[in-house]
Amino acid sequence: MDENLLRPLIDAAIQIRQHAYAPYSKFHVGAAILASDGTAQQTFTGCNVENASYGLAICAERAAACAAVAAGFRTFLGVAVAASPLASPCGACRQFLFEFGDDIVIIGVDPEQPDALKRWTTAGLLPEGFRLE
Ligand code: THU
């Protein structure tokens with residue numbers, strides 16, 4: 001993806017992290033996805049949302065991905081994930097993002113150290129990810 005678009009995506013992830021609902025883990029995560037519908041590009045964001053029934057927690061990445069898909073944007077160009085300390089996407093989110101492409105750029109950022117980024121791709125994080133084909 002266009003490197004100039006990374007910083008706004010990272011900033012969007014940091015911003016949405018403020019809305020994380022994580023009273024149980026206290027681990028706040030924000031995610032932003034730059035997506036295309038074939039005509040336009042748009043950024044979609046999500047935060048983790050926990051529940052008293054712990055296993056129902058929804059990760060930030062999957063929340064953002066669902067927002068994009070629901071709006072008709074299924075081509076993912078890049079994903080930014082903000083957490084402190086910096087976190088790589090969990091296994092479930094790796095598979096969830098892999099569904100939409102194997103070379104999607106994923107950037108990890110700790111808002112406390114916004115210049116120390118980590119960079120991965122979907123297939124790099126999930127070799128031989130599952131596809132029904
Ligand atoms: N979490 C995410 O939002 N994304 C990840 O990739 C890892 C974990 C959330 C889930 C839970 O609300 C909290 O972080 C602690 O696991």
# chains A, B, ... in the order shown; residues from 1 in each chain; ligands from 1
>>> select_by_dssp(residues="chain A", states="alpha helix (DSSP H)", output="VMD selection string")
chain A and resid 6 to 16 60 to 70 91 to 98 122 to 125
>>> write_last_selection(atoms="N, CA and C atoms", output="compact mmCIF listing (two decimals), in the first residue's frame")
# COMPACT_ATOMS: atom_id res chain seq x y z
N LEU A 6 0.05 5.26 5.49
CA LEU A 6 0.24 4.49 6.73
C LEU A 6 0.04 5.35 7.98
N ARG A 7 0.62 6.53 7.98
CA ARG A 7 0.55 7.34 9.20
C ARG A 7 -0.89 7.72 9.55
N PRO A 8 -1.72 8.17 8.59
CA PRO A 8 -3.12 8.43 8.95
C PRO A 8 -3.86 7.19 9.44
N LEU A 9 -3.48 6.03 8.89
CA LEU A 9 -4.13 4.79 9.34
C LEU A 9 -3.73 4.47 10.78
N ILE A 10 -2.45 4.66 11.06
CA ILE A 10 -1.94 4.44 12.43
C ILE A 10 -2.62 5.41 13.40
N ASP A 11 -2.74 6.65 12.98
CA ASP A 11 -3.39 7.66 13.84
C ASP A 11 -4.85 7.29 14.10
N ALA A 12 -5.52 6.75 13.08
CA ALA A 12 -6.92 6.36 13.26
C ALA A 12 -7.04 5.21 14.26
N ALA A 13 -6.08 4.28 14.22
CA ALA A 13 -6.10 3.16 15.17
C ALA A 13 -5.87 3.66 16.60
N ILE A 14 -4.94 4.58 16.73
CA ILE A 14 -4.65 5.14 18.06
C ILE A 14 -5.87 5.89 18.60
N GLN A 15 -6.52 6.61 17.71
CA GLN A 15 -7.70 7.41 18.10
C GLN A 15 -8.85 6.51 18.55
N ILE A 16 -9.17 5.48 17.77
CA ILE A 16 -10.33 4.64 18.09
C ILE A 16 -10.07 3.78 19.32
N ALA A 60 -10.43 -5.80 18.30
CA ALA A 60 -10.48 -4.57 17.51
C ALA A 60 -10.38 -4.85 16.02
N GLU A 61 -9.50 -5.77 15.64
CA GLU A 61 -9.28 -6.04 14.22
C GLU A 61 -10.55 -6.59 13.57
N ARG A 62 -11.20 -7.51 14.27
CA ARG A 62 -12.40 -8.10 13.68
C ARG A 62 -13.55 -7.09 13.66
N ALA A 63 -13.61 -6.22 14.66
CA ALA A 63 -14.64 -5.18 14.65
C ALA A 63 -14.46 -4.27 13.44
N ALA A 64 -13.21 -3.89 13.17
CA ALA A 64 -12.93 -3.01 12.02
C ALA A 64 -13.23 -3.73 10.71
N ALA A 65 -12.84 -5.00 10.63
CA ALA A 65 -13.08 -5.76 9.39
C ALA A 65 -14.58 -5.88 9.12
N CYS A 66 -15.35 -6.12 10.16
CA CYS A 66 -16.80 -6.25 9.97
C CYS A 66 -17.42 -4.93 9.52
N ALA A 67 -16.92 -3.83 10.05
CA ALA A 67 -17.43 -2.52 9.64
C ALA A 67 -17.16 -2.29 8.16
N ALA A 68 -15.96 -2.66 7.71
CA ALA A 68 -15.61 -2.48 6.29
C ALA A 68 -16.50 -3.34 5.40
N VAL A 69 -16.63 -4.59 5.74
CA VAL A 69 -17.41 -5.50 4.91
C VAL A 69 -18.87 -5.08 4.87
N ALA A 70 -19.40 -4.65 5.99
CA ALA A 70 -20.80 -4.24 6.04
C ALA A 70 -21.06 -3.01 5.18
N GLY A 91 -4.50 -15.16 16.98
CA GLY A 91 -4.69 -16.18 15.95
C GLY A 91 -6.01 -16.06 15.22
N ALA A 92 -7.07 -15.80 15.96
CA ALA A 92 -8.39 -15.68 15.33
C ALA A 92 -8.41 -14.51 14.35
N CYS A 93 -7.81 -13.40 14.75
CA CYS A 93 -7.80 -12.23 13.87
C CYS A 93 -6.90 -12.45 12.65
N ARG A 94 -5.84 -13.21 12.83
CA ARG A 94 -4.98 -13.53 11.68
C ARG A 94 -5.79 -14.28 10.62
N GLN A 95 -6.52 -15.28 11.06
CA GLN A 95 -7.33 -16.03 10.11
C GLN A 95 -8.42 -15.15 9.52
N PHE A 96 -9.01 -14.30 10.33
CA PHE A 96 -10.11 -13.45 9.87
C PHE A 96 -9.64 -12.48 8.80
N LEU A 97 -8.45 -11.91 9.00
CA LEU A 97 -7.90 -10.96 8.02
C LEU A 97 -7.39 -11.69 6.79
N PHE A 98 -6.83 -12.88 6.98
CA PHE A 98 -6.31 -13.69 5.86
C PHE A 98 -7.40 -13.98 4.84
N THR A 122 -0.43 -10.55 6.22
CA THR A 122 -1.36 -11.58 6.68
C THR A 122 -0.74 -12.98 6.55
N ALA A 123 -0.14 -13.29 5.38
CA ALA A 123 0.43 -14.63 5.20
C ALA A 123 1.69 -14.80 6.04
N GLY A 124 2.40 -13.72 6.28
CA GLY A 124 3.59 -13.80 7.14
C GLY A 124 3.21 -14.19 8.55
N LEU A 125 2.07 -13.67 9.02
CA LEU A 125 1.61 -13.99 10.38
C LEU A 125 0.88 -15.33 10.42
>>> residues_near_ligand(ligand="ligand 1", cutoff="10 Å", atoms="only C-alpha atoms and all ligand atoms", output="VMD selection string")
chain A and resid 17 20 to 31 46 to 51 54 to 63 81 to 83 87 to 94
>>> residues_around(residues="stretch 32-38 of chain A", least_positions_apart="4", cutoff="6 Å", atoms="only C-alpha atoms", output="number ranges by chain")
A: 9, 12-13, 42-45, 73, 75-80
>>> atom_distance(atom1="atom CA of A:Trp120", atom2="atom CA of A:His19")
24.8 Å
>>> atom_distance(atom1="atom CA of A:Val105", atom2="atom CA of A:Ala71")
20.7 Å
>>> closest_residue(among="A:Glu3, A:Asp115, A:Glu99, A:Asp110", to="A:Glu133", atoms="only C-alpha atoms")
A:Glu99
>>> select_by_dssp(residues="chain A", states="strand (DSSP E or B)", output="PyMOL selection string")
chain A and resi 21+30-36+41-47+49+58+75-82+105-110+113-121
>>> atom_distance(atom1="atom CA of A:Thr121", atom2="atom CA of A:Gln18")
25.2 Å
>>> decode(residues="stretch 40-66 of chain A", atoms="N, CA, C and O atoms", output="JSON list (two decimals), in the first residue's frame")
[["chain", "number", "residue", "atom", "x", "y", "z"],
["A", 40, "ALA", "N", -13.75, 3.46, -4.53],
["A", 40, "ALA", "CA", -13.22, 4.41, -3.54],
["A", 40, "ALA", "C", -12.45, 3.67, -2.45],
["A", 40, "ALA", "O", -12.63, 2.46, -2.26],
["A", 41, "GLN", "N", -11.60, 4.44, -1.77],
["A", 41, "GLN", "CA", -10.92, 3.90, -0.59],
["A", 41, "GLN", "C", -11.47, 4.60, 0.64],
["A", 41, "GLN", "O", -11.76, 5.80, 0.60],
["A", 42, "GLN", "N", -11.57, 3.85, 1.70],
["A", 42, "GLN", "CA", -12.12, 4.41, 2.94],
["A", 42, "GLN", "C", -11.49, 3.70, 4.14],
["A", 42, "GLN", "O", -11.10, 2.54, 4.03],
["A", 43, "THR", "N", -11.42, 4.41, 5.25],
["A", 43, "THR", "CA", -10.88, 3.82, 6.47],
["A", 43, "THR", "C", -12.00, 3.42, 7.41],
["A", 43, "THR", "O", -12.94, 4.20, 7.64],
["A", 44, "PHE", "N", -11.88, 2.22, 7.94],
["A", 44, "PHE", "CA", -12.85, 1.70, 8.91],
["A", 44, "PHE", "C", -12.11, 1.38, 10.20],
["A", 44, "PHE", "O", -10.98, 0.89, 10.16],
["A", 45, "THR", "N", -12.77, 1.63, 11.30],
["A", 45, "THR", "CA", -12.09, 1.45, 12.58],
["A", 45, "THR", "C", -12.91, 0.55, 13.50],
["A", 45, "THR", "O", -14.12, 0.38, 13.33],
["A", 46, "GLY", "N", -12.21, 0.00, 14.48],
["A", 46, "GLY", "CA", -12.88, -0.82, 15.49],
["A", 46, "GLY", "C", -12.03, -0.87, 16.75],
["A", 46, "GLY", "O", -10.82, -0.58, 16.72],
["A", 47, "CYS", "N", -12.67, -1.19, 17.84],
["A", 47, "CYS", "CA", -11.96, -1.35, 19.12],
["A", 47, "CYS", "C", -12.41, -2.67, 19.74],
["A", 47, "CYS", "O", -13.43, -3.23, 19.33],
["A", 48, "ASN", "N", -11.64, -3.16, 20.71],
["A", 48, "ASN", "CA", -12.10, -4.38, 21.37],
["A", 48, "ASN", "C", -13.28, -4.08, 22.29],
["A", 48, "ASN", "O", -13.35, -3.01, 22.91],
["A", 49, "VAL", "N", -14.19, -5.03, 22.33],
["A", 49, "VAL", "CA", -15.40, -4.90, 23.15],
["A", 49, "VAL", "C", -15.53, -6.18, 23.96],
["A", 49, "VAL", "O", -15.76, -7.26, 23.38],
["A", 50, "GLU", "N", -15.35, -6.05, 25.26],
["A", 50, "GLU", "CA", -15.38, -7.23, 26.13],
["A", 50, "GLU", "C", -16.77, -7.43, 26.73],
["A", 50, "GLU", "O", -17.68, -6.61, 26.54],
["A", 51, "ASN", "N", -16.92, -8.54, 27.43],
["A", 51, "ASN", "CA", -18.21, -8.90, 28.00],
["A", 51, "ASN", "C", -17.98, -9.64, 29.30],
["A", 51, "ASN", "O", -16.96, -10.31, 29.46],
["A", 52, "ALA", "N", -18.97, -9.57, 30.20],
["A", 52, "ALA", "CA", -18.88, -10.29, 31.46],
["A", 52, "ALA", "C", -18.72, -11.79, 31.22],
["A", 52, "ALA", "O", -18.13, -12.51, 32.02],
["A", 53, "SER", "N", -19.25, -12.25, 30.11],
["A", 53, "SER", "CA", -18.98, -13.62, 29.66],
["A", 53, "SER", "C", -17.72, -13.53, 28.79],
["A", 53, "SER", "O", -17.78, -13.22, 27.60],
["A", 54, "TYR", "N", -16.57, -13.72, 29.43],
["A", 54, "TYR", "CA", -15.28, -13.32, 28.86],
["A", 54, "TYR", "C", -15.06, -13.77, 27.41],
["A", 54, "TYR", "O", -14.51, -13.04, 26.60],
["A", 55, "GLY", "N", -15.49, -14.97, 27.12],
["A", 55, "GLY", "CA", -15.21, -15.53, 25.80],
["A", 55, "GLY", "C", -15.90, -14.81, 24.66],
["A", 55, "GLY", "O", -15.59, -15.05, 23.48],
["A", 56, "LEU", "N", -16.82, -13.92, 24.98],
["A", 56, "LEU", "CA", -17.54, -13.20, 23.94],
["A", 56, "LEU", "C", -16.80, -11.95, 23.45],
["A", 56, "LEU", "O", -17.27, -11.27, 22.53],
["A", 57, "ALA", "N", -15.66, -11.66, 24.03],
["A", 57, "ALA", "CA", -14.92, -10.45, 23.64],
["A", 57, "ALA", "C", -14.68, -10.44, 22.13],
["A", 57, "ALA", "O", -14.38, -11.47, 21.51],
["A", 58, "ILE", "N", -14.83, -9.27, 21.57],
["A", 58, "ILE", "CA", -14.56, -9.08, 20.14],
["A", 58, "ILE", "C", -13.30, -8.23, 20.01],
["A", 58, "ILE", "O", -13.19, -7.17, 20.64],
["A", 59, "CYS", "N", -12.37, -8.71, 19.22],
["A", 59, "CYS", "CA", -11.11, -7.99, 19.03],
["A", 59, "CYS", "C", -11.32, -6.76, 18.13],
["A", 59, "CYS", "O", -12.22, -6.74, 17.28],
["A", 60, "ALA", "N", -10.43, -5.80, 18.30],
["A", 60, "ALA", "CA", -10.48, -4.57, 17.51],
["A", 60, "ALA", "C", -10.38, -4.85, 16.02],
["A", 60, "ALA", "O", -11.10, -4.24, 15.21],
["A", 61, "GLU", "N", -9.50, -5.77, 15.64],
["A", 61, "GLU", "CA", -9.28, -6.04, 14.22],
["A", 61, "GLU", "C", -10.55, -6.59, 13.57],
["A", 61, "GLU", "O", -10.90, -6.21, 12.44],
["A", 62, "ARG", "N", -11.20, -7.51, 14.27],
["A", 62, "ARG", "CA", -12.40, -8.10, 13.68],
["A", 62, "ARG", "C", -13.55, -7.09, 13.66],
["A", 62, "ARG", "O", -14.36, -7.09, 12.73],
["A", 63, "ALA", "N", -13.61, -6.22, 14.66],
["A", 63, "ALA", "CA", -14.64, -5.18, 14.65],
["A", 63, "ALA", "C", -14.46, -4.27, 13.44],
["A", 63, "ALA", "O", -15.42, -3.92, 12.74],
["A", 64, "ALA", "N", -13.21, -3.89, 13.17],
["A", 64, "ALA", "CA", -12.93, -3.01, 12.02],
["A", 64, "ALA", "C", -13.23, -3.73, 10.71],
["A", 64, "ALA", "O", -13.80, -3.14, 9.78],
["A", 65, "ALA", "N", -12.84, -5.00, 10.63],
["A", 65, "ALA", "CA", -13.08, -5.76, 9.39],
["A", 65, "ALA", "C", -14.58, -5.88, 9.12],
["A", 65, "ALA", "O", -15.04, -5.75, 7.98],
["A", 66, "CYS", "N", -15.35, -6.12, 10.16],
["A", 66, "CYS", "CA", -16.80, -6.25, 9.97],
["A", 66, "CYS", "C", -17.42, -4.93, 9.52],
["A", 66, "CYS", "O", -18.33, -4.91, 8.69]]
